[in-house]
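S.K.: Contents are compact mmCIF, C-alpha atoms; file name model.txt:
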```txt
# COMPACT_ATOMS: atom_id res chain seq x y z
CA MET R 1 -12.27 -30.17 -0.72
CA THR R 2 -13.94 -29.06 2.52
CA ARG R 3 -15.40 -25.59 3.08
CA ARG R 4 -12.45 -24.68 5.31
CA TYR R 5 -9.82 -25.40 2.66
CA ARG R 6 -11.92 -23.87 -0.10
CA GLY R 7 -12.04 -20.60 1.86
CA LEU R 8 -8.26 -20.61 2.34
CA LEU R 9 -7.68 -21.25 -1.36
CA LEU R 10 -10.08 -18.48 -2.43
CA ALA R 11 -8.41 -16.06 0.01
CA ALA R 12 -4.97 -16.87 -1.45
CA ILE R 13 -6.23 -16.34 -5.01
CA GLY R 14 -7.94 -13.12 -3.93
CA ALA R 15 -4.73 -11.83 -2.33
CA ALA R 16 -2.79 -12.45 -5.55
CA ILE R 17 -5.48 -10.72 -7.65
CA CYS R 18 -5.57 -7.72 -5.28
CA TRP R 19 -1.77 -7.44 -5.42
CA MET R 20 -1.73 -7.45 -9.22
CA THR R 21 -4.63 -4.97 -9.38
CA VAL R 22 -3.08 -2.48 -6.94
CA LEU R 23 0.24 -2.44 -8.80
CA SER R 24 -1.24 -2.42 -12.30
CA GLY R 25 -2.61 0.36 -14.44
CA ALA R 26 -6.20 -0.60 -13.63
CA PRO R 27 -8.87 2.11 -13.18
CA THR R 28 -8.67 4.01 -9.90
CA ALA R 29 -12.00 2.66 -8.62
CA LEU R 30 -10.89 -0.94 -9.16
CA ARG R 31 -7.51 -0.32 -7.53
CA SER R 32 -9.23 1.29 -4.55
CA VAL R 33 -11.46 -1.76 -4.01
CA ALA R 34 -8.44 -4.07 -4.22
CA ALA R 35 -6.50 -1.88 -1.77
CA ILE R 36 -9.36 -1.93 0.76
CA ALA R 37 -9.51 -5.73 0.60
CA LEU R 38 -5.74 -5.99 0.94
CA LEU R 39 -5.59 -3.61 3.90
CA PHE R 40 -8.71 -4.37 5.94
CA LEU R 41 -10.03 -7.83 4.99
CA LEU R 42 -7.40 -10.35 3.94
CA PRO R 43 -4.79 -9.87 6.73
CA GLY R 44 -7.40 -10.26 9.48
CA TYR R 45 -8.96 -13.29 7.80
CA ALA R 46 -5.58 -14.98 7.52
CA VAL R 47 -4.73 -14.24 11.17
CA LEU R 48 -8.06 -15.64 12.42
CA LYS R 49 -7.61 -18.81 10.39
CA VAL R 50 -4.06 -19.47 11.52
CA LEU R 51 -5.14 -18.95 15.16
CA GLY R 52 -8.14 -21.25 14.71
CA LEU R 53 -10.74 -18.58 15.51
CA GLY R 54 -12.53 -18.17 12.20
CA GLY R 55 -15.15 -20.93 12.15
CA SER R 56 -16.03 -20.67 15.84
CA LEU R 57 -17.22 -17.05 15.79
CA GLY R 58 -20.41 -15.38 14.69
CA VAL R 59 -20.49 -13.16 11.63
CA VAL R 60 -20.35 -9.91 13.63
CA GLU R 61 -17.64 -11.20 15.98
CA GLU R 62 -15.51 -12.43 13.12
CA ALA R 63 -15.93 -9.16 11.18
CA VAL R 64 -14.95 -6.98 14.16
CA LEU R 65 -12.04 -9.15 15.23
CA GLY R 66 -10.87 -9.53 11.63
CA LEU R 67 -10.89 -5.76 11.11
CA GLY R 68 -8.90 -5.23 14.31
CA ALA R 69 -6.40 -7.91 13.32
CA SER R 70 -6.02 -6.37 9.84
CA CYS R 71 -5.28 -2.93 11.33
CA ALA R 72 -2.71 -4.47 13.67
CA VAL R 73 -1.00 -6.35 10.83
CA VAL R 74 -0.90 -3.24 8.61
CA VAL R 75 0.69 -1.14 11.37
CA VAL R 76 3.26 -3.82 12.24
CA VAL R 77 4.22 -4.28 8.57
CA ALA R 78 4.63 -0.51 8.13
CA VAL R 79 6.80 -0.33 11.26
CA CYS R 80 9.00 -3.22 10.11
CA ILE R 81 9.48 -1.64 6.66
CA GLY R 82 10.33 1.70 8.29
CA LEU R 83 12.86 0.12 10.64
CA SER R 84 14.55 -1.63 7.71
CA SER R 85 15.37 1.77 6.12
CA THR R 86 13.45 0.70 3.01
CA GLU R 87 11.49 3.42 1.22
CA LEU R 88 7.83 2.90 2.08
CA HIS R 89 5.74 3.02 -1.11
CA ASP R 90 2.90 1.02 -2.61
CA THR R 91 5.00 -1.68 -4.31
CA VAL R 92 6.96 -2.62 -1.18
CA PHE R 93 3.97 -2.31 1.15
CA ALA R 94 1.56 -4.33 -1.03
CA THR R 95 4.15 -7.06 -1.64
CA ALA R 96 4.94 -7.37 2.07
CA LEU R 97 1.24 -7.60 2.98
CA VAL R 98 0.49 -10.22 0.33
CA ALA R 99 3.53 -12.29 1.34
CA LEU R 100 2.42 -12.22 4.99
CA VAL R 101 -1.16 -13.16 4.08
CA LEU R 102 -0.03 -16.08 1.89
CA VAL R 103 2.31 -17.39 4.61
CA ALA R 104 -0.49 -17.20 7.21
CA LEU R 105 -2.93 -18.98 4.88
CA ALA R 106 -0.35 -21.71 4.19
CA LEU R 107 0.18 -22.22 7.93
CA ALA R 108 -3.59 -22.44 8.46
CA TRP R 109 -3.80 -25.04 5.67
CA LEU R 110 -0.98 -27.12 7.18
CA ARG R 111 -2.52 -26.79 10.64
CA GLY R 112 -5.79 -28.25 9.37
CA ILE R 113 -3.98 -31.15 7.67
CA ARG R 114 -1.88 -31.91 10.76
CA VAL R 115 -4.68 -31.98 13.35
CA GLY R 116 -7.48 -33.15 11.07
CA PRO R 117 -10.89 -31.52 10.41
CA SER R 118 -12.61 -32.68 13.64
CA ALA R 119 -9.68 -31.76 15.86
CA ALA R 120 -9.41 -28.39 14.14
CA SER R 121 -13.10 -27.67 14.84
CA GLU R 122 -12.64 -28.68 18.47
CA ALA R 123 -9.59 -26.42 18.73
CA GLU R 124 -11.58 -23.53 17.27
CA GLY R 125 -14.25 -24.04 19.93
CA THR R 126 -11.59 -23.96 22.65
CA ALA R 127 -10.08 -20.82 21.14
CA ARG R 128 -13.46 -19.14 21.23
CA LYS R 129 -13.86 -19.92 24.91
CA ARG R 130 -10.50 -18.30 25.53
CA LEU R 131 -11.51 -15.18 23.62
CA VAL R 132 -12.62 -13.74 26.97
CA MET R 133 -10.17 -14.34 29.82
CA PRO R 134 -12.12 -16.20 32.56
CA ARG R 135 -9.51 -16.39 35.33
CA ALA R 136 -10.94 -15.38 38.73
CA GLY R 137 -9.83 -12.08 40.17
CA ARG R 138 -9.00 -10.62 36.75
CA LEU R 139 -11.02 -8.24 34.63
CA ARG R 140 -12.81 -10.09 31.85
CA VAL R 141 -11.43 -8.21 28.88
CA PRO R 142 -12.28 -9.36 25.33
CA LEU R 143 -9.28 -10.19 23.18
CA VAL R 144 -10.32 -7.61 20.60
CA LEU R 145 -9.76 -4.84 23.19
CA TRP R 146 -6.25 -6.09 23.89
CA LEU R 147 -5.64 -6.24 20.15
CA THR R 148 -6.89 -2.68 19.68
CA ALA R 149 -4.78 -1.40 22.58
CA GLY R 150 -1.70 -3.09 21.18
CA THR R 151 -2.35 -1.57 17.76
CA LEU R 152 -2.60 1.93 19.26
CA VAL R 153 0.65 1.45 21.19
CA VAL R 154 2.51 0.26 18.09
CA ALA R 155 1.05 3.12 16.03
CA ALA R 156 2.15 5.64 18.67
CA LEU R 157 5.68 4.23 18.64
CA PHE R 158 5.73 4.39 14.83
CA VAL R 159 4.61 8.04 14.82
CA ALA R 160 7.15 8.92 17.52
CA SER R 161 9.99 7.27 15.59
CA GLY R 162 8.98 9.19 12.45
CA ALA R 163 8.85 12.49 14.33
CA ALA R 164 12.36 11.89 15.66
CA GLN R 165 13.79 11.78 12.12
CA PRO R 166 15.21 14.99 10.60
CA GLN R 167 12.56 17.14 8.98
CA GLY R 168 12.58 17.15 5.19
CA SER R 169 14.10 13.67 4.83
CA ASP R 170 12.79 11.37 2.08
CA VAL R 171 11.20 14.29 0.23
CA VAL R 172 11.01 14.19 -3.56
CA GLN R 173 10.10 17.42 -5.34
CA LEU R 174 9.01 18.02 -8.95
CA TRP R 175 8.65 21.42 -10.61
CA MET R 176 7.94 22.83 -14.08
CA ILE R 177 8.46 26.47 -15.11
CA ARG R 178 7.28 27.94 -18.41
CA GLN R 179 9.87 29.04 -20.98
CA ASP R 180 9.61 30.22 -24.58
CA GLY R 181 8.28 27.28 -26.56
CA GLY R 182 8.60 24.86 -23.66
CA ALA R 183 9.40 24.55 -19.97
CA LYS R 184 12.20 23.94 -17.50
CA VAL R 185 11.57 20.76 -15.50
CA GLY R 186 13.40 19.77 -12.33
CA ILE R 187 13.53 16.96 -9.76
CA TYR R 188 15.01 16.97 -6.26
CA ASN R 189 15.76 13.59 -4.66
CA GLY R 190 15.63 14.02 -0.89
CA THR R 191 15.74 10.27 -0.14
CA THR R 192 18.62 8.63 1.71
CA GLY R 193 19.85 6.59 -1.26
CA THR R 194 20.10 6.47 -5.04
CA SER R 195 16.70 6.48 -6.78
CA VAL R 196 15.61 5.87 -10.35
CA TYR R 197 12.67 7.84 -11.74
CA ARG R 198 10.76 8.06 -15.02
CA LEU R 199 9.44 11.49 -16.03
CA THR R 200 6.77 11.97 -18.69
CA ILE R 201 5.72 15.37 -20.05
CA GLY R 202 2.67 15.75 -22.24
CA PRO R 203 -0.67 17.51 -22.72
CA ALA R 204 -3.24 17.10 -19.96
CA LYS R 205 -5.79 16.30 -22.67
CA SER R 206 -5.25 14.45 -25.92
CA ALA R 207 -3.33 16.48 -28.46
CA PRO R 208 -1.19 15.69 -31.52
CA GLY R 209 2.39 14.79 -30.68
CA ALA R 210 3.69 12.12 -28.36
CA ALA R 211 4.53 12.89 -24.73
CA GLU R 212 8.22 12.97 -23.88
CA SER R 213 9.62 10.34 -21.49
CA ILE R 214 12.91 10.78 -19.60
CA ASP R 215 14.70 8.33 -17.26
CA VAL R 216 16.53 10.04 -14.39
CA THR R 217 18.88 8.49 -11.80
CA LEU R 218 19.69 10.68 -8.78
CA GLU R 219 21.96 10.19 -5.82
CA ALA R 220 20.82 11.09 -2.30
CA SER R 221 20.03 14.84 -2.11
CA GLY R 222 20.70 15.09 -5.85
CA GLN R 223 18.98 17.50 -8.23
CA TRP R 224 18.26 17.39 -11.97
CA GLU R 225 17.01 20.11 -14.31
CA ASN R 226 16.43 20.18 -18.04
CA SER R 227 14.73 22.38 -20.63
CA VAL R 228 12.04 20.72 -22.73
CA GLN R 229 10.65 22.12 -25.99
CA PHE R 230 6.99 21.42 -26.67
CA PRO R 231 6.00 20.06 -30.12
CA THR R 232 4.67 22.68 -32.49
CA THR R 233 1.73 20.37 -33.23
CA TRP R 234 0.26 21.13 -29.80
CA PRO R 235 -2.57 23.68 -30.09
CA ALA R 236 -2.09 27.09 -28.50
CA GLY R 237 -3.19 27.15 -24.89
CA THR R 238 -2.51 23.45 -24.26
CA GLU R 239 -2.35 22.55 -20.57
CA VAL R 240 0.80 20.49 -19.90
CA VAL R 241 1.30 17.95 -17.12
CA ALA R 242 4.52 16.32 -15.88
CA ASN R 243 4.19 12.91 -14.20
CA LEU R 244 6.97 11.42 -12.06
CA TYR R 245 7.11 7.65 -11.52
CA ARG R 246 9.31 5.50 -9.36
CA ALA R 247 11.12 2.75 -11.26
CA GLY R 248 8.82 -0.16 -12.00
CA GLU R 249 5.60 1.64 -11.01
CA THR R 250 2.71 2.55 -13.29
CA SER R 251 1.10 5.27 -11.17
CA PRO R 252 2.73 8.69 -10.73
CA PHE R 253 3.52 9.84 -7.19
CA ARG R 254 4.33 13.44 -8.14
CA MET R 255 2.59 15.65 -10.71
CA ALA R 256 3.14 19.23 -11.93
CA TRP R 257 0.81 21.22 -14.16
CA LEU R 258 1.58 24.10 -16.49
CA ALA R 259 -1.50 26.23 -17.09
CA PRO R 260 -2.15 27.61 -20.58
CA SER R 261 -0.21 30.74 -21.45
CA PRO R 262 -2.11 33.94 -20.60
CA THR R 263 -1.48 35.15 -24.16
CA ALA R 264 -2.83 31.97 -25.75
CA SER R 265 -6.33 33.34 -26.19
CA GLN R 266 -5.25 36.76 -27.41
```
Show the structure stored in the file as structure tokens.

M.R.:
Amino acid sequence: MTRRYRGLLLAAIGAAICWMTVLSGAPTALRSVAAIALLFLLPGYAVLKVLGLGGSLGVVEEAVLGLGASCAVVVVVAVCIGLSSTELHDTVFATALVALVLVALALAWLRGIRVGPSAASEAEGTARKRLVMPRAGRLRVPLVLWLTAGTLVVAALFVASGAAQPQGSDVVQLWMIRQDGGAKVGIYNGTTGTSVYRLTIGPAKSAPGAAESIDVTLEASGQWENSVQFPTTWPAGTEVVANLYRAGETSPFRMAWLAPSPTASQ
């Protein structure tokens, strides 16, 4: 296996590992590293390879152009998800990015097989020469500047389309109010469709007694409230936290804390 194909295979394996890490219950530091690679490294690498630019550039050129391409891909994917009326959260976004990266890497692999290693290297050299537009009478503008300008335009359109939407749409609220021996917990679903949530209520620090878990399904603009009694095994002054998860996710996207009762220490 040549160096070119080995790099494509390692990138595909890395994309799959990053996807699983981001969506798993891994430590925050590890998930952050995987998210950075998935957002700023892998998309640009895949784009450069499928365009035949990767091997013909220097390290600095490839890093800068790859970063610009990654930013452009991330913005375009976010815009496409937004236009499809799909709720934009980490599961959908990470899956869409990984799918796009794997498709681009597969196309780069097939491109190398179709034209052959020597022809692919020659094509990469030609692509590098075209990186700066040489036509007489025109401003010699590097491709990375065009890519950056296009990214800014797409980002501006995305922000403008979001600002045009009604304020307060797609807002999910979680609250917890102290009651005698427990708390009243509520959820407001401000999304445009039916959503399924999982709510867990337990001590912020380890304490005897299992945390309570509740599955809640809410229609658009629906609201749910319920009173929860805390176990008597919890020590006085226990700080309680409520975590709200979207269906199928392992990281909470809303949290509510209930500070210890002011009378706990008396």

S.K.: Please provide the set of residues having any atom within 10 Å of segment 18-33 of chain R, restricted to only C-alpha atoms, with same-chain residues fewer than 2 positions apart removed, written as a PyMOL selection string.

M.R.: chain R and resi 12-16+35-38+42+90-91+94-95+97-99+248-251

S.K.: Write a file of the just-selected residues containing C-alpha atoms, as a PDB file, keeping the file's coordinate frame.

M.R.:
```
ATOM      1  CA  ALA R  12      -4.970 -16.870  -1.450  1.00  0.00           C
ATOM      2  CA  ILE R  13      -6.230 -16.340  -5.010  1.00  0.00           C
ATOM      3  CA  GLY R  14      -7.940 -13.120  -3.930  1.00  0.00           C
ATOM      4  CA  ALA R  15      -4.730 -11.830  -2.330  1.00  0.00           C
ATOM      5  CA  ALA R  16      -2.790 -12.450  -5.550  1.00  0.00           C
ATOM      6  CA  ALA R  35      -6.500  -1.880  -1.770  1.00  0.00           C
ATOM      7  CA  ILE R  36      -9.360  -1.930   0.760  1.00  0.00           C
ATOM      8  CA  ALA R  37      -9.510  -5.730   0.600  1.00  0.00           C
ATOM      9  CA  LEU R  38      -5.740  -5.990   0.940  1.00  0.00           C
ATOM     10  CA  LEU R  42      -7.400 -10.350   3.940  1.00  0.00           C
ATOM     11  CA  ASP R  90       2.900   1.020  -2.610  1.00  0.00           C
ATOM     12  CA  THR R  91       5.000  -1.680  -4.310  1.00  0.00           C
ATOM     13  CA  ALA R  94       1.560  -4.330  -1.030  1.00  0.00           C
ATOM     14  CA  THR R  95       4.150  -7.060  -1.640  1.00  0.00           C
ATOM     15  CA  LEU R  97       1.240  -7.600   2.980  1.00  0.00           C
ATOM     16  CA  VAL R  98       0.490 -10.220   0.330  1.00  0.00           C
ATOM     17  CA  ALA R  99       3.530 -12.290   1.340  1.00  0.00           C
ATOM     18  CA  GLY R 248       8.820  -0.160 -12.000  1.00  0.00           C
ATOM     19  CA  GLU R 249       5.600   1.640 -11.010  1.00  0.00           C
ATOM     20  CA  THR R 250       2.710   2.550 -13.290  1.00  0.00           C
ATOM     21  CA  SER R 251       1.100   5.270 -11.170  1.00  0.00           C
TER      22      SER R 251
END
```

S.K.: What does the distance from atom CA of Val185 of chain R to atom CA of Val216 of chain R come to in Å, to one decimal?

M.R.: 11.9 Å

S.K.: What does the structure give for the distance between atom CA of Leu41 of chain R and atom CA of Leu67 of chain R, in Å to one decimal?

M.R.: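 According to the coordinates, atom CA of Leu41 of chain R and atom CA of Leu67 of chain R are separated by 6.5 Å.
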
S.K.: Restricting the calculation to only C-alpha atoms, which member of R:Val101, R:Leu218, R:Val75, R:Val92 is positioned closest to Lys49 of chain R?

M.R.: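 Of all the options, R:Val101 lies closest to Lys49 of chain R.
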
S.K.: If I take atom CA of Tyr197 of chain R and atom CA of Leu244 of chain R, how far is one from the other in Å, to one decimal?

M.R.: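 Separating atom CA of Tyr197 of chain R from atom CA of Leu244 of chain R is a distance of 6.7 Å.
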
S.K.: May I ask you to restore N, CA and C atoms in segment 25-36 of chain R and write the result as a PDB file, in the frame of the given file?

M.R.:
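Wrote part_6.pdb, looks like this:
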```pdb
ATOM      1  N   GLY R  25      -2.025  -0.887 -13.952  1.00  0.00           N
ATOM      2  CA  GLY R  25      -2.610   0.360 -14.440  1.00  0.00           C
ATOM      3  C   GLY R  25      -4.117   0.292 -14.533  1.00  0.00           C
ATOM      4  N   ALA R  26      -4.751  -0.459 -13.626  1.00  0.00           N
ATOM      5  CA  ALA R  26      -6.200  -0.600 -13.630  1.00  0.00           C
ATOM      6  C   ALA R  26      -6.868   0.734 -13.273  1.00  0.00           C
ATOM      7  N   PRO R  27      -8.159   0.879 -13.570  1.00  0.00           N
ATOM      8  CA  PRO R  27      -8.870   2.110 -13.180  1.00  0.00           C
ATOM      9  C   PRO R  27      -8.783   2.364 -11.676  1.00  0.00           C
ATOM     10  N   THR R  28      -8.840   3.626 -11.305  1.00  0.00           N
ATOM     11  CA  THR R  28      -8.670   4.010  -9.900  1.00  0.00           C
ATOM     12  C   THR R  28      -9.692   3.351  -9.002  1.00  0.00           C
ATOM     13  N   ALA R  29     -10.947   3.268  -9.447  1.00  0.00           N
ATOM     14  CA  ALA R  29     -12.000   2.660  -8.620  1.00  0.00           C
ATOM     15  C   ALA R  29     -11.683   1.191  -8.329  1.00  0.00           C
ATOM     16  N   LEU R  30     -11.216   0.468  -9.347  1.00  0.00           N
ATOM     17  CA  LEU R  30     -10.890  -0.940  -9.160  1.00  0.00           C
ATOM     18  C   LEU R  30      -9.690  -1.119  -8.248  1.00  0.00           C
ATOM     19  N   ARG R  31      -8.677  -0.259  -8.394  1.00  0.00           N
ATOM     20  CA  ARG R  31      -7.510  -0.320  -7.530  1.00  0.00           C
ATOM     21  C   ARG R  31      -7.861   0.019  -6.085  1.00  0.00           C
ATOM     22  N   SER R  32      -8.809   0.927  -5.903  1.00  0.00           N
ATOM     23  CA  SER R  32      -9.230   1.290  -4.550  1.00  0.00           C
ATOM     24  C   SER R  32      -9.922   0.119  -3.860  1.00  0.00           C
ATOM     25  N   VAL R  33     -10.785  -0.585  -4.584  1.00  0.00           N
ATOM     26  CA  VAL R  33     -11.460  -1.760  -4.010  1.00  0.00           C
ATOM     27  C   VAL R  33     -10.442  -2.836  -3.625  1.00  0.00           C
ATOM     28  N   ALA R  34      -9.475  -3.071  -4.506  1.00  0.00           N
ATOM     29  CA  ALA R  34      -8.440  -4.070  -4.220  1.00  0.00           C
ATOM     30  C   ALA R  34      -7.599  -3.649  -3.016  1.00  0.00           C
ATOM     31  N   ALA R  35      -7.292  -2.362  -2.899  1.00  0.00           N
ATOM     32  CA  ALA R  35      -6.500  -1.880  -1.770  1.00  0.00           C
ATOM     33  C   ALA R  35      -7.256  -2.035  -0.458  1.00  0.00           C
ATOM     34  N   ILE R  36      -8.561  -1.769  -0.457  1.00  0.00           N
ATOM     35  CA  ILE R  36      -9.360  -1.930   0.760  1.00  0.00           C
ATOM     36  C   ILE R  36      -9.357  -3.391   1.207  1.00  0.00           C
TER      37      ILE R  36
END
```
